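Text of upload36.tsv (TSV, C-alpha atoms) as supplied:
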chain	number	residue	atom	x	y	z
A	1	MET	CA	115.47	90.46	112.38
A	2	SER	CA	113.88	89.85	115.76
A	3	THR	CA	115.68	92.94	117.14
A	4	ALA	CA	114.32	95.08	114.33
A	5	LEU	CA	110.83	93.73	114.93
A	6	SER	CA	110.99	94.48	118.63
A	7	VAL	CA	112.19	98.02	117.88
A	8	GLN	CA	109.23	98.45	115.54
A	9	ASP	CA	106.89	97.29	118.30
A	10	LEU	CA	108.48	99.70	120.77
A	11	ASN	CA	108.19	102.55	118.30
A	12	ARG	CA	104.55	101.84	117.49
A	13	ASP	CA	103.63	101.46	121.15
A	14	LEU	CA	105.27	104.77	122.02
A	15	ALA	CA	103.52	106.45	119.08
A	16	ARG	CA	100.15	105.12	120.24
A	17	ARG	CA	100.75	106.48	123.75
A	18	ILE	CA	101.89	109.87	122.45
A	19	ASN	CA	98.83	110.20	120.21
A	20	ALA	CA	96.50	109.19	123.04
A	21	GLU	CA	98.09	111.81	125.27
A	22	ALA	CA	97.93	114.51	122.60
A	23	ARG	CA	94.31	113.75	121.77
A	24	SER	CA	93.24	113.82	125.42
A	25	ASN	CA	95.32	116.85	126.42
A	26	PRO	CA	95.56	119.79	124.00
A	27	GLN	CA	98.29	121.24	126.24
A	28	SER	CA	100.53	118.25	125.61
A	29	PRO	CA	103.90	119.23	124.09
A	30	TYR	CA	103.13	116.75	121.33
A	31	ALA	CA	99.69	118.13	120.43
A	32	ASN	CA	99.40	118.86	116.69
A	33	LYS	CA	103.13	118.20	116.16
A	34	PHE	CA	104.97	115.70	114.02
A	35	VAL	CA	106.76	113.36	116.40
A	36	GLY	CA	109.69	111.22	115.26
A	37	ILE	CA	110.72	108.10	117.12
A	38	ALA	CA	113.86	106.02	116.67
A	39	ASN	CA	114.76	102.89	118.60
A	40	GLY	CA	111.94	103.41	121.07
A	41	GLN	CA	112.76	107.04	121.89
A	42	VAL	CA	111.40	110.39	120.76
A	43	VAL	CA	114.10	112.12	118.68
A	44	VAL	CA	112.20	115.04	117.18
A	45	VAL	CA	109.03	117.07	117.79
A	46	THR	CA	108.42	119.52	114.98
A	47	ASP	CA	105.92	121.33	112.78
A	48	ASP	CA	107.92	120.60	109.62
A	49	LEU	CA	108.01	117.36	107.64
A	50	ASP	CA	111.46	118.03	106.18
A	51	ASP	CA	112.79	118.55	109.70
A	52	LEU	CA	111.08	115.35	110.83
A	53	ALA	CA	112.70	113.36	108.03
A	54	ARG	CA	116.14	114.91	108.49
A	55	LYS	CA	116.27	114.25	112.23
A	56	LEU	CA	114.91	110.73	111.92
A	57	ARG	CA	117.64	109.89	109.40
A	58	GLN	CA	120.30	111.50	111.57
A	59	ALA	CA	119.14	109.54	114.60
A	60	GLU	CA	118.84	106.17	112.83
A	61	PRO	CA	119.92	105.43	109.25
A	62	ASP	CA	117.82	102.25	109.13
A	63	PRO	CA	114.28	103.47	108.36
A	64	THR	CA	112.72	100.27	109.70
A	65	LYS	CA	113.86	101.32	113.18
A	66	THR	CA	112.13	104.68	112.93
A	67	PHE	CA	108.52	105.73	113.13
A	68	GLY	CA	106.58	108.95	112.91
A	69	ILE	CA	103.18	110.20	113.89
A	70	GLU	CA	101.16	113.37	113.53
A	71	ALA	CA	100.06	113.70	117.12
A	72	SER	CA	96.39	114.57	117.71
A	73	ARG	CA	95.31	113.11	114.36
A	74	ASP	CA	92.39	110.67	114.33
A	75	TYR	CA	93.94	107.87	112.32
A	76	GLY	CA	90.66	105.98	112.30
A	77	GLU	CA	89.00	108.70	110.24
A	78	VAL	CA	88.50	107.56	106.66
A	79	GLN	CA	90.32	109.67	104.05
A	80	GLN	CA	88.61	109.52	100.68
A	81	VAL	CA	90.36	108.77	97.40
A	82	TRP	CA	87.89	109.42	94.61
A	83	GLY	CA	90.28	108.50	91.82
A	84	PRO	CA	89.44	105.85	89.20
A	85	ILE	CA	91.32	102.69	90.21
B	86	MET	CA	108.16	131.52	87.73
B	87	PRO	CA	109.43	127.96	87.15
B	88	HIS	CA	106.93	126.00	85.10
B	89	ILE	CA	106.73	122.48	83.74
B	90	ASP	CA	104.02	120.62	81.90
B	91	TRP	CA	103.50	117.14	80.62
B	92	PRO	CA	101.30	115.80	77.79
B	93	LEU	CA	98.06	114.18	78.92
B	94	ARG	CA	98.52	110.44	79.41
B	95	ASN	CA	95.64	108.34	78.08
B	96	GLY	CA	93.65	111.57	78.16
B	97	ARG	CA	94.37	112.10	81.83
B	98	PRO	CA	96.51	114.68	83.64
B	99	SER	CA	99.85	113.43	84.83
B	100	VAL	CA	102.86	114.71	86.71
B	101	GLN	CA	106.38	113.33	86.89
B	102	VAL	CA	108.26	113.11	90.16
B	103	VAL	CA	111.80	111.93	90.84
B	104	LEU	CA	112.55	109.49	93.64
B	105	THR	CA	115.95	108.32	94.86
B	106	LEU	CA	116.75	104.67	95.54
B	107	ALA	CA	118.25	104.09	98.97
B	108	GLN	CA	120.86	101.69	97.58
B	109	GLY	CA	123.18	103.46	95.14
B	110	LYS	CA	121.21	106.72	95.18
B	111	GLN	CA	120.04	106.19	91.60
B	112	GLN	CA	117.19	108.49	90.63
B	113	ILE	CA	113.98	107.06	89.19
B	114	VAL	CA	111.11	108.86	87.50
B	115	ARG	CA	107.51	108.05	88.34
B	116	GLU	CA	104.50	109.19	86.30
B	117	LEU	CA	101.51	109.92	88.49
B	118	LEU	CA	97.86	110.61	87.80
B	119	ALA	CA	97.16	114.19	88.88
B	120	ASP	CA	93.97	113.74	90.88
B	121	THR	CA	92.51	116.55	92.97
B	122	GLY	CA	89.92	114.06	94.22
B	123	ALA	CA	92.56	112.03	96.01
B	124	GLY	CA	92.56	113.25	99.57
B	125	SER	CA	92.34	116.77	100.90
B	126	LEU	CA	94.66	119.23	102.58
B	127	LEU	CA	93.77	117.52	105.85
B	128	SER	CA	94.18	113.91	104.72
B	129	GLY	CA	97.69	113.32	105.98
B	130	PHE	CA	99.06	112.16	102.63
B	131	GLU	CA	100.04	113.75	99.34
B	132	LEU	CA	101.02	110.91	97.02
B	133	ILE	CA	100.03	107.30	96.49
B	134	LEU	CA	102.81	105.02	95.22
B	135	ASP	CA	103.61	101.34	94.95
B	136	GLU	CA	104.73	100.26	98.40
B	137	ASP	CA	107.82	98.68	96.83
B	138	ASP	CA	108.91	102.16	95.68
B	139	CYS	CA	108.43	103.48	99.21
B	140	LEU	CA	110.61	100.72	100.65
B	141	LEU	CA	113.29	100.81	97.92
B	142	CYS	CA	113.64	104.55	98.43
B	143	GLY	CA	114.16	104.18	102.17
B	144	GLY	CA	110.92	105.78	103.27
B	145	ASN	CA	110.52	106.32	107.00
B	146	PRO	CA	107.30	104.65	108.18
B	147	LEU	CA	104.59	106.80	109.70
B	148	GLN	CA	101.36	105.83	111.43
B	149	PRO	CA	99.14	103.99	108.90
B	150	ILE	CA	96.06	105.73	107.54
B	151	THR	CA	92.51	104.61	106.76
B	152	LEU	CA	91.34	105.15	103.19
B	153	GLY	CA	87.94	104.93	101.53
B	154	GLY	CA	86.77	105.13	97.94
B	155	ALA	CA	89.13	103.79	95.29
B	156	TYR	CA	91.24	102.27	98.06
B	157	THR	CA	89.58	100.95	101.18
B	158	GLY	CA	91.23	99.83	104.37
B	159	VAL	CA	94.31	100.66	106.37
B	160	TYR	CA	97.46	101.48	104.39
B	161	PRO	CA	101.04	102.27	105.41
B	162	ILE	CA	102.39	105.79	105.07
B	163	TYR	CA	106.03	106.63	104.39
B	164	LEU	CA	107.95	109.87	104.57
B	165	LEU	CA	109.82	109.98	101.28
B	166	PRO	CA	112.11	112.51	99.56
B	167	VAL	CA	110.42	113.66	96.34
B	168	GLN	CA	111.81	115.99	93.69
B	169	ILE	CA	110.58	117.90	90.65
B	170	PRO	CA	113.93	119.33	89.55
B	171	THR	CA	112.61	121.84	87.01
B	172	LEU	CA	110.59	123.50	89.75
B	173	GLY	CA	113.38	123.29	92.30
B	174	PHE	CA	111.07	121.16	94.41
B	175	SER	CA	112.81	118.83	96.85
B	176	HIS	CA	110.91	117.93	99.98
B	177	ASP	CA	109.92	115.01	102.14
B	178	VAL	CA	106.35	114.07	101.39
B	179	ARG	CA	103.85	111.74	103.06
B	180	VAL	CA	103.18	108.87	100.67
B	181	VAL	CA	100.62	106.06	100.93
B	182	GLY	CA	102.12	102.69	99.95
B	183	VAL	CA	99.67	100.48	98.06
B	184	PRO	CA	100.01	97.01	96.50
B	185	SER	CA	98.32	97.85	93.17
B	186	LEU	CA	97.92	100.93	91.01
B	187	LEU	CA	95.80	102.36	88.24
B	188	ALA	CA	96.93	100.89	84.92
B	189	GLY	CA	99.18	103.25	82.98
B	190	PHE	CA	100.35	105.21	86.00
B	191	ASP	CA	102.97	104.68	88.69
B	192	GLY	CA	100.76	106.28	91.33
B	193	ILE	CA	98.58	109.25	92.20
B	194	ALA	CA	99.45	112.82	93.07
B	195	GLY	CA	96.65	113.89	95.38
B	196	PHE	CA	95.21	117.30	96.14
B	197	GLY	CA	97.63	117.89	99.01
B	198	PHE	CA	100.57	117.61	96.61
B	199	LEU	CA	99.07	119.45	93.62
B	200	ASN	CA	97.98	122.31	95.86
B	201	ARG	CA	101.62	123.06	96.71
B	202	PHE	CA	101.78	124.55	93.21
B	203	GLN	CA	99.69	126.42	90.71
B	204	TYR	CA	98.28	123.62	88.57
B	205	GLY	CA	96.20	123.17	85.45
B	206	ASN	CA	96.44	123.25	81.67
B	207	PHE	CA	97.65	126.87	81.51
B	208	ALA	CA	95.47	127.44	78.42
B	209	ASN	CA	96.81	124.37	76.60
B	210	PRO	CA	94.19	121.59	76.64
B	211	GLY	CA	96.77	118.95	75.71
B	212	VAL	CA	98.91	119.25	78.78
B	213	PHE	CA	98.84	119.36	82.55
B	214	GLY	CA	101.34	121.60	84.26
B	215	LEU	CA	102.68	122.81	87.55
B	216	GLN	CA	104.12	126.20	88.38
B	217	SER	CA	105.84	127.28	91.56
Rendering of file as structure tokens:
Amino acid sequence: MSTALSVQDLNRDLARRINAEARSNPQSPYANKFVGIANGQVVVVTDDLDDLARKLRQAEPDPTKTFGIEASRDYGEVQQVWGPI
Amino acid sequence: MPHIDWPLRNGRPSVQVVLTLAQGKQQIVRELLADTGAGSLLSGFELILDEDDCLLCGGNPLQPITLGGAYTGVYPIYLLPVQIPTLGFSHDVRVVGVPSLLAGFDGIAGFGFLNRFQYGNFANPGVFGLQS
């Protein structure tokens, strides 16, 4: 449990750094790409979500030890859901 | 062209998607409100489902997203295999995991998902359909 949690922290921290780099440098190899991370390491950089999923699952069957990010996206931007909940 | 439609559900458009449980690979059907007002092509998500479904189906976590409107706050996103067999659709889709859903539906199919297809009533006001 604690190992899984620390892997999640590593993954999230790496994702934060990758997104910061991509947002500050449009020439970054990660800019506007889907980046997959498993066990604290980048395992895929791709334009395709199916490819992202496939390579994440190949790299690490336990999804809790994987993480993905769309580099360059502003995750603080509010996305509206106008549906009737 | 492959086509499928579903009767309106409580007078609202709905679509059915098939998910696959991580344990045992059993397939489960989820009925979603078809809602073009849920997100945009740029929103970074296509479906909204119960977070339990996302976890039970082995979704890979992605960076959480900030929502406003019917849902407000930061919500987890999962990359999840989604199928509509009649249309031959089988892709990994970005899904928001939420703790509660609109009564009568198992989730929401947002604009990003519906726009993958031709969608509408196809001249039958009692149904909502997709065509690929």
With distances taken over all atoms listed in the file, which residue among A:Thr66, A:Gln41, A:Ser72, A:Thr46 lies nearest chain B?
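For chain B, the nearest of the given residues is A:Thr66.
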When you get a sec, could you note down which chain A residues fall within 12 Å of chain B, using all atoms listed in the file, as a PyMOL selection string?
chain A and resi 8+11-16+18-19+34-38+48-85
CA of Leu104 (chain B) and CA of Gln168 (chain B), how far apart in Å?
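About the pair CA of Gln168 (chain B) and CA of Leu104 (chain B): they are 6.5 Å apart.
The space between CA of Leu199 (chain B) and CA of Ser99 (chain B) spans 10.7 Å.
Picture a line from CA of Met86 (chain B) to CA of Leu172 (chain B); it runs 8.6 Å.
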Box dimensions and centre (Å, one decimal) enclosing region 53-59 of chain A, axis-aligned, 8 Å extra per side, as AutoDock Vina command-line options:
--center_x 116.5 --center_y 112.2 --center_z 111.3 --size_x 23.6 --size_y 21.4 --size_z 22.6
Could you pull the residues within 12 Å of Pro210 (chain B), counting only C-alpha atoms, minus those fewer than 5 positions along the same chain, as a PDB file with C-alpha atoms, in the frame of the given file?
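Result saved to result_22.pdb:
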ATOM      1  CA  ASP B  90     104.020 120.620  81.900  1.00  0.00           C
ATOM      2  CA  TRP B  91     103.500 117.140  80.620  1.00  0.00           C
ATOM      3  CA  PRO B  92     101.300 115.800  77.790  1.00  0.00           C
ATOM      4  CA  LEU B  93      98.060 114.180  78.920  1.00  0.00           C
ATOM      5  CA  GLY B  96      93.650 111.570  78.160  1.00  0.00           C
ATOM      6  CA  ARG B  97      94.370 112.100  81.830  1.00  0.00           C
ATOM      7  CA  PRO B  98      96.510 114.680  83.640  1.00  0.00           C
ATOM      8  CA  GLY B 205      96.200 123.170  85.450  1.00  0.00           C
TER       9      GLY B 205
END
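Counting all atoms listed in the file, the residue from B:Val102, B:Pro161, B:Pro184, B:Asn200 that sits nearest to Ile89 (chain B) is B:Val102.
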